[in-house]
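First comes the structure, then the notes that go with it.
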Amino acid sequence: MLQFLIRRLSGAVVIMFLIGAFTFFLFYTIPQDFAQLSCGKNCSPENIAVIRENLGLDKPITTQFWEFMMGIVSGRDFPQGHCAAPCLGVSFDSGDFVWDSIMDRFPLTLSLTLGGLVIFLLFGLGTGLLAAWKRGTAVDKVVSGSSMVLSSFQIYFLGPIVLSLLVYNTGWLENPKYVSFTDDPGGWFMGMLIPWAVMATIFTAQYTRMARSTMIEQLQEEHVRTARAKGMRQRYVFFRYAWRGSLIPIVTIIGMDLSALLSGAVVTEFTFDLAGIGRLAVEGSLTKDLPLTMGVMLFGAFFILILNIVVDLAYAYIDPRVRLA
Amino acid sequence: MKPIRTRTVRAIAVAITAGSLALTGCSSDSGKDSGKDNSKSKDDAAAQSTPVAYGDAQASNGPAEAVAGAKTGGTINVYQQSDLTHMDPGQIYVSDAGQFANLVHRGLTNFQEDDKGNLTVVGDVATDSGKSSEGGKTWTYTLKDGIKDEDGNVITSADVRHTIERQYAKFIFDGPTYVQNWLSGAEYRKALPDGPYKGKHLPDSVLETPDAKTVVFHFKTAQPDLPQALAMAGYAIVPEKQDTKEKYDKAPASLGPYKVSEYKAGKSVTLVKNTEWDPKTDSVRHQYVDGYNFSNTIDQASQTKRLLADQGEAKNAIQFTDSVDPAQLSTVIGNAAAKKRTIQGYQPYVWQLSYNLDSAKMKDKKVRDAITYAIPNQSMVQADGGRYGGEVAGGLMAPTLPGFDPKYDPFGKLKKPNGDPAKAKALLKEAGFKQGTKLSYAYSNTPRGQAQMLIIKDALNKLGFDVQAKEIDRATFYEQVGKLKNPYDLYMTGWGQDWPSPGTVITPVYDGTQVADGSPNYSHIDDKQVNALIQKAVTQEPEEAAKTWEQAHHRIVEEINPGAPVYYSKQIQLYGSNIGGARYSTESSYIDINDLYLKKP
């Protein structure tokens with residue numbers, strides 16, 4: 001187990017370094033002058049030179065890369081002050097420490113992700129299991145049909161409709177907004193309710209379909225049939241045998257969805273005017289803000305790699321035949 | 001200010017949202033309104049084209065004239081699609097931060113606007129708009145009593161000197177450079193490379209502070225526009241004791257009626273009352289509401305939807321520098337209740353089709369004139385929101401500039417707003433034009449840019465050109481066309497005044513001595529006569545200068561034609577039903593931020 005963890009974490013560090021290097025050098029293949037891009041109205045050659053120096057762009061690219069990567073390990077000093085490790089540099093656009101910007105946006109992303117996750121796992125897996133249990137009945141048909149319809153919806157379609165219904169036309173709810181859970185738990189819940197509901201509706205439909213199909217598949221497996229033949233109770237067979245077997249593909253998908261959401265739910269954030277990691281990523285990319293883009297990329301990569309390891313650990317827990325070697 | 005350019009970079013992220021992708025190209029404002037312009041724009045323009053007056057001590061004394069029916073209390077919600085570009089005055093040059101600055105910062109002078117929109121420069125922390133001597137080469141300012149920063153520190157002449165000198169430091173690079181250039185020349189940074197931070201100062205022969213209340217500027221040439229330049233947010237006071245250099249941009253000290261209580265980068269700003277602000281010292285601002293809550297993540301489409309619905313907190317909300325979403329414009333105009341909650345007017349920008357005069361294909365004036373005649377200006381306006389988004393331009397000076405002549409129309413655009421292809425073809429024939437000549441047209445990949453590209457391509461292809469449209473990422477558009485050796489023949493560019501003087505347009509955009517990489521002289525025009533007229537005008541008193549600027553303008557448009565005038569930019573903003581005192585400001589070209597209150601606090 002420990003050996004497995006050490007090996008996977010070492011691999012993750014190497015992958016993070018490669019992602020950083022790839023992003024950094026790829027950015028410099030774009031034929032543009034970041035200093036001129038940051039230059040204001042009075043964009044004289046003198047001002048461009050000053051900005052280039054301020055941003056550290058007057059140094060060789062390899063030096064810039066090395067300083068960036070070393071900053072992650074040991075921190076860096078900037079005119080704005082000391083940027084403690086893991087320092088991801090200073091945004092070209094805002095002048096803020098990138099790590100601080102990410103940490104500032106992360107609580108919203110975490111709230112959005114975890115709140116949505118709870119809802120769509122409860123409802124998605126619940127309705128999926130129900131449909132599998134009642135396979136072929138009217139319940140199954142209603143659940144399958146509605147999940148088919150809902151899973152074809154998109155957040156940017158459903159979101160504005162829900163906002164029109166609950167906010168703009170009736171005034172029943174306020175516009176979504178993020179307030180810290182520790183400051184105002186009620187405000188936090190009400191502010192995130194619509195984004196959670198919309199996001200969960202679409203994910204719920206997908207998880208319903210997945211849970212139903214994997215369960216039905218499992219229920220047809222020989223070991224499940226054998227259990228039934230032994231006279232075990234239907235409920236016991238359903239949850240102890242079939243459910244456990246269907247968990248592996250579900251956990252895999254949860255891991256992928258979770259890492260994607262923690263890296264930034266771009267469409268959800270833009271649809272509901274929320275400022276999370278997703279918006280930060282788009283801002284960095286579109287304003288050609290190299291440190292910000294690098295920072296968000298590495299932050300997202302971190303979650304993908306860590307959650308991959310967690311999913312692998314979960315496999316071993318779910319299925320004892322899997323060995324962590 | 002340079003919103004046409006700057007909005008690109010920050011606002012781009014917002015266009016990602018589904019709602020805003022449709023926008024301008026297919027927007028229509030063919031609602032129930034008649035063709036009449038009900039926006040009061042013409043009246044506003046009349047006020048804007050009146051020369052700015054310089055106010056005396058009486059005009060500069062506070063408190064500001066009370067707004068009829070104004071109540072105190074409550075908080076105004078501000079909708080913005082992106083973060084404030086800057087909060088450090090030295091870095092402020094664009095509209096959003098300029099509007100913000102009027103709430104938080106104070107400079108030596110400020111613009112005072114009467115109920116008809118007429119502007120007077122008055123003393124802000126100074127007792128008047130300034131006293132000039134030596135033919136305008138020397139300007140003396142005396143500070144008012146009782147001006148304090150948010151911590152109660154009294155503002156002295158040392159703080160004013162510090163404010164000017166810190167503009168020489170390298171970390172200040174985004175703000176205006178007029179005063180520094182006038183004091184120390186184009187390479188002003190060399191005069192004080194570290195700013196005032198290592199104990200060095202500008203000599204008294206340049207900037208003098210004989211006592212704690214007096215500041216004297218000494219220029220090499222007359223600078224009659226100094227009171228207006230000093231009214232720019234970029235020259236607002238940064239108290240020496242409060243200056244934290246780079247960090248100041250995130251936590252500035254206030255001298256104005258409001259101070260920053262919380263700033264969350266990229267998300268929000270909260271302003272509360274500055275109790276050290278004394279209304280008796282301020283003839284422009286009020287402090288009716290308790291504070292402002294800025295939400296800086298609400299895109300244009302969402303702002304419009306929220307304000308149209310006018311539910312809950314949106315009743316107390318305003319658009320700050322964003323406009324109504326063009327895709328929802330017809331809904332706003334068609335809704336009588338919502339339309340009452342709009343402010344409309346000209347923006348200071350003129351969109352022009354700039355010709356790259358370094359391109360061999362653009363050297364012949366007859367070819368440039370032919371293209372200018374052929375452009376269907378009205379269609380270009382339609383692609384930018386219709387009559388609420390713009391108006392066909394006859395010249396290159398905006399209606400917001402003193403001396404604007406609404407009848408000036410050398411290319412007959414007001415009579416033939418969709419162009420005169422016959423005249424264009426005749427001119428091309430005279431020029432010996434070859435059919436199929438390739439023209440490289442650069443455009444920004446915004447919905448508006450894409451729609452306008454199709455219009456220009458169609459119009460010029462009909463003349464026999466072969467237009468090669470080159471799409472440029474919106475974030476880098478001005479960087480690309482701002483390069484001296486850019487590979488394009490023509491491109492749409494926009495520019496707006498820094499204060500109501502043609503000098504802040506003609507000098508940066510048409511002065512041949514300022515042709516350089518990154519310079520806004522996008523056509524690379526370098527005409528000796530124009531350059532000489534600019535040199536003459538910048539040292540003249542406003543009335544005299546107005547004639548010289550007009551002469552320069554006519555020379556540029558009629559005899560050189562570096563860019564086809566296409567349209568004057570306009571805007572329309574919405575505000576919530578509980579907002580009182582909302583009106584269009586001829587100074588900012590946006591909602592007047594100084595007079596707002598809540599009807600039911």
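Each chain of the structure tokens is named A, B, ... in the order shown, its residues numbered from 1; ligands are numbered from 1 in display order.
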To test your reading of the structure, identify every residue in segment 151-219 of chain A that backbone DSSP assigns to helix (DSSP H, G or I), and report it as a tab-separated table (two decimals) with N, CA and C atoms, in the first residue's frame.
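Full text of states-v1.tsv as output:
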```tsv
chain	number	residue	atom	x	y	z
A	151	SER	N	-30.83	14.26	-19.35
A	151	SER	CA	-29.39	14.18	-19.62
A	151	SER	C	-29.02	14.84	-20.93
A	155	ILE	N	-26.43	22.89	-19.07
A	155	ILE	CA	-26.57	23.88	-18.00
A	155	ILE	C	-26.91	25.26	-18.57
A	156	TYR	N	-26.26	25.61	-19.70
A	156	TYR	CA	-26.51	26.93	-20.26
A	156	TYR	C	-27.91	27.07	-20.85
A	157	PHE	N	-28.62	25.92	-20.99
A	157	PHE	CA	-30.01	25.97	-21.45
A	157	PHE	C	-30.96	25.98	-20.26
A	158	LEU	N	-30.71	25.04	-19.35
A	158	LEU	CA	-31.60	24.89	-18.20
A	158	LEU	C	-31.44	26.05	-17.21
A	159	GLY	N	-30.20	26.50	-17.03
A	159	GLY	CA	-29.92	27.56	-16.05
A	159	GLY	C	-30.74	28.81	-16.28
A	160	PRO	N	-30.68	29.41	-17.47
A	160	PRO	CA	-31.47	30.63	-17.69
A	160	PRO	C	-32.97	30.41	-17.53
A	161	ILE	N	-33.46	29.21	-17.87
A	161	ILE	CA	-34.90	28.95	-17.70
A	161	ILE	C	-35.25	28.97	-16.22
A	162	VAL	N	-34.45	28.28	-15.43
A	162	VAL	CA	-34.71	28.25	-13.98
A	162	VAL	C	-34.61	29.66	-13.39
A	163	LEU	N	-33.61	30.42	-13.84
A	163	LEU	CA	-33.47	31.79	-13.33
A	163	LEU	C	-34.70	32.62	-13.70
A	164	SER	N	-35.18	32.46	-14.94
A	164	SER	CA	-36.36	33.22	-15.35
A	164	SER	C	-37.56	32.88	-14.49
A	165	LEU	N	-37.71	31.57	-14.23
A	165	LEU	CA	-38.88	31.13	-13.47
A	165	LEU	C	-38.81	31.53	-12.00
A	166	LEU	N	-37.67	31.28	-11.39
A	166	LEU	CA	-37.60	31.45	-9.93
A	166	LEU	C	-37.08	32.81	-9.48
A	167	VAL	N	-36.38	33.50	-10.37
A	167	VAL	CA	-35.79	34.78	-9.95
A	167	VAL	C	-36.42	35.96	-10.70
A	168	TYR	N	-36.27	35.97	-12.02
A	168	TYR	CA	-36.67	37.16	-12.77
A	168	TYR	C	-38.20	37.37	-12.80
A	185	PRO	N	-24.38	30.37	7.07
A	185	PRO	CA	-24.75	29.06	6.50
A	185	PRO	C	-26.06	29.12	5.70
A	186	GLY	N	-27.03	29.90	6.20
A	186	GLY	CA	-28.31	30.03	5.49
A	186	GLY	C	-28.13	30.70	4.15
A	187	GLY	N	-27.37	31.79	4.16
A	187	GLY	CA	-27.11	32.53	2.91
A	187	GLY	C	-26.32	31.69	1.92
A	188	TRP	N	-25.40	30.91	2.46
A	188	TRP	CA	-24.59	30.01	1.61
A	188	TRP	C	-25.51	29.01	0.92
A	189	PHE	N	-26.41	28.43	1.69
A	189	PHE	CA	-27.30	27.40	1.14
A	189	PHE	C	-28.23	28.00	0.08
A	190	MET	N	-28.86	29.13	0.43
A	190	MET	CA	-29.81	29.74	-0.50
A	190	MET	C	-29.11	30.26	-1.76
A	191	GLY	N	-27.91	30.78	-1.57
A	191	GLY	CA	-27.17	31.33	-2.71
A	191	GLY	C	-26.74	30.28	-3.70
A	192	MET	N	-26.49	29.06	-3.19
A	192	MET	CA	-25.99	28.00	-4.07
A	192	MET	C	-27.11	27.07	-4.56
A	193	LEU	N	-28.31	27.29	-4.05
A	193	LEU	CA	-29.39	26.34	-4.31
A	193	LEU	C	-29.68	26.15	-5.81
A	194	ILE	N	-29.81	27.25	-6.52
A	194	ILE	CA	-30.15	27.12	-7.95
A	194	ILE	C	-29.01	26.46	-8.73
A	195	PRO	N	-27.76	26.91	-8.57
A	195	PRO	CA	-26.68	26.22	-9.29
A	195	PRO	C	-26.61	24.73	-8.97
A	196	TRP	N	-26.77	24.39	-7.68
A	196	TRP	CA	-26.75	22.97	-7.31
A	196	TRP	C	-27.88	22.23	-8.02
A	197	ALA	N	-29.06	22.82	-7.95
A	197	ALA	CA	-30.24	22.13	-8.50
A	197	ALA	C	-30.07	21.90	-10.00
A	198	VAL	N	-29.61	22.93	-10.70
A	198	VAL	CA	-29.48	22.81	-12.16
A	198	VAL	C	-28.37	21.81	-12.51
A	199	MET	N	-27.24	21.98	-11.84
A	199	MET	CA	-26.11	21.08	-12.13
A	199	MET	C	-26.50	19.65	-11.77
A	200	ALA	N	-27.14	19.51	-10.62
A	200	ALA	CA	-27.49	18.16	-10.16
A	200	ALA	C	-28.54	17.53	-11.07
A	201	THR	N	-29.43	18.32	-11.62
A	201	THR	CA	-30.47	17.76	-12.50
A	201	THR	C	-29.81	17.03	-13.66
A	202	ILE	N	-28.84	17.70	-14.25
A	202	ILE	CA	-28.20	17.10	-15.43
A	202	ILE	C	-27.33	15.90	-15.03
A	203	PHE	N	-26.56	16.06	-13.96
A	203	PHE	CA	-25.72	14.95	-13.51
A	203	PHE	C	-26.57	13.80	-12.98
A	204	THR	N	-27.65	14.14	-12.29
A	204	THR	CA	-28.53	13.10	-11.75
A	204	THR	C	-29.01	12.20	-12.87
A	205	ALA	N	-29.44	12.80	-13.95
A	205	ALA	CA	-29.95	12.03	-15.08
A	205	ALA	C	-28.88	11.08	-15.61
A	206	GLN	N	-27.64	11.59	-15.68
A	206	GLN	CA	-26.56	10.74	-16.19
A	206	GLN	C	-26.27	9.59	-15.23
A	207	TYR	N	-26.25	9.90	-13.93
A	207	TYR	CA	-25.95	8.85	-12.95
A	207	TYR	C	-27.10	7.85	-12.84
A	208	THR	N	-28.31	8.32	-13.05
A	208	THR	CA	-29.46	7.41	-13.03
A	208	THR	C	-29.29	6.36	-14.12
A	209	ARG	N	-28.99	6.85	-15.31
A	209	ARG	CA	-28.86	5.93	-16.44
A	209	ARG	C	-27.71	4.96	-16.22
A	210	MET	N	-26.61	5.51	-15.69
A	210	MET	CA	-25.44	4.66	-15.49
A	210	MET	C	-25.70	3.62	-14.40
A	211	ALA	N	-26.28	4.08	-13.28
A	211	ALA	CA	-26.55	3.15	-12.17
A	211	ALA	C	-27.51	2.06	-12.62
A	212	ARG	N	-28.52	2.46	-13.37
A	212	ARG	CA	-29.51	1.47	-13.83
A	212	ARG	C	-28.86	0.42	-14.72
A	213	SER	N	-28.10	0.89	-15.70
A	213	SER	CA	-27.55	-0.08	-16.66
A	213	SER	C	-26.50	-0.99	-16.03
A	214	THR	N	-25.64	-0.41	-15.15
A	214	THR	CA	-24.63	-1.27	-14.53
A	214	THR	C	-25.27	-2.27	-13.57
A	215	MET	N	-26.33	-1.85	-12.89
A	215	MET	CA	-27.03	-2.76	-11.98
A	215	MET	C	-27.69	-3.90	-12.76
A	216	ILE	N	-28.32	-3.52	-13.85
A	216	ILE	CA	-29.00	-4.56	-14.64
A	216	ILE	C	-27.96	-5.55	-15.17
A	217	GLU	N	-26.83	-5.02	-15.57
A	217	GLU	CA	-25.75	-5.87	-16.06
A	217	GLU	C	-25.28	-6.83	-14.95
A	218	GLN	N	-25.10	-6.26	-13.77
A	218	GLN	CA	-24.64	-7.06	-12.64
A	218	GLN	C	-25.66	-8.12	-12.24
A	219	LEU	N	-26.94	-7.73	-12.31
A	219	LEU	CA	-27.99	-8.67	-11.90
A	219	LEU	C	-28.04	-9.89	-12.81
```
### Query
What residues in chain A lie within 9 Å of chain B, counting only C-alpha atoms, written as a VMD selection string?
chain A and resid 32 to 33 36 to 48 50 to 51 53 to 54 79 to 81 93 to 96 101 104 to 105 156 to 157 160 164 167 to 171 173 to 175 267 270 to 275 279 to 280 282 to 288
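Closest approach to Leu57 of chain A from the set A:Ala316, A:Gln154, A:Ser74, A:Ala35 is made by A:Ala35, with distances taken over only C-alpha atoms.
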### Message
Just want the 10 Å neighbourhood of segment 449-453 of chain B, counted on only C-alpha atoms, with same-chain residues fewer than 5 positions away dropped. Output as JSON, numbers by chain.
### Response
{"B": [24, 25, 26, 377, 379, 380, 381, 382, 383, 384, 441, 442, 443, 444, 458, 459, 467, 469, 470, 471, 472, 474, 491, 492]}
Print the selection's residues with C-alpha atoms to a file, as a short mmCIF file (atom, residue, chain, number, x, y, z; two decimals), in the first residue's frame.
```
data_model
loop_
_atom_site.label_atom_id
_atom_site.label_comp_id
_atom_site.auth_asym_id
_atom_site.auth_seq_id
_atom_site.Cartn_x
_atom_site.Cartn_y
_atom_site.Cartn_z
CA THR B 24 -24.69 42.37 -31.90
CA GLY B 25 -24.68 40.92 -35.33
CA CYS B 26 -28.28 39.92 -35.25
CA ASN B 377 -21.91 53.23 -42.45
CA SER B 379 -25.08 48.83 -41.82
CA MET B 380 -21.99 49.08 -39.65
CA VAL B 381 -24.07 50.84 -36.99
CA GLN B 382 -26.74 48.14 -37.22
CA ALA B 383 -24.06 45.57 -36.47
CA ASP B 384 -23.32 47.39 -33.23
CA TYR B 441 -8.62 43.46 -43.59
CA ALA B 442 -7.89 42.69 -39.93
CA TYR B 443 -10.80 42.33 -37.54
CA SER B 444 -11.33 41.34 -33.95
CA ASP B 458 -19.13 42.71 -49.29
CA ALA B 459 -18.89 46.46 -49.96
CA VAL B 467 -10.76 41.34 -49.48
CA ALA B 469 -10.34 38.90 -43.96
CA LYS B 470 -7.82 38.19 -41.19
CA GLU B 471 -9.34 37.34 -37.84
CA ILE B 472 -7.39 38.38 -34.74
CA ARG B 474 -9.89 40.03 -29.41
CA TYR B 491 -8.72 47.67 -39.77
CA MET B 492 -11.46 49.12 -37.58
#
```
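Among A:Leu307, A:Val118, A:Gly295, A:Trp133, the residue with the shortest atom-to-atom distance to Val237 of chain A, counting only C-alpha atoms, is A:Trp133.
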### Task
Can you pull out every residue within 7 Å of segment 318-324 of chain B, counting only C-alpha atoms, but drop anything in the same chain fewer than 3 positions away, and send it as a ChimeraX atom specification?
/B:77-80,95-96,300,304,329,571-576,590-591
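Going from atom CA of Gly116 of chain A to atom CA of Phe153 of chain A covers 16.3 Å.
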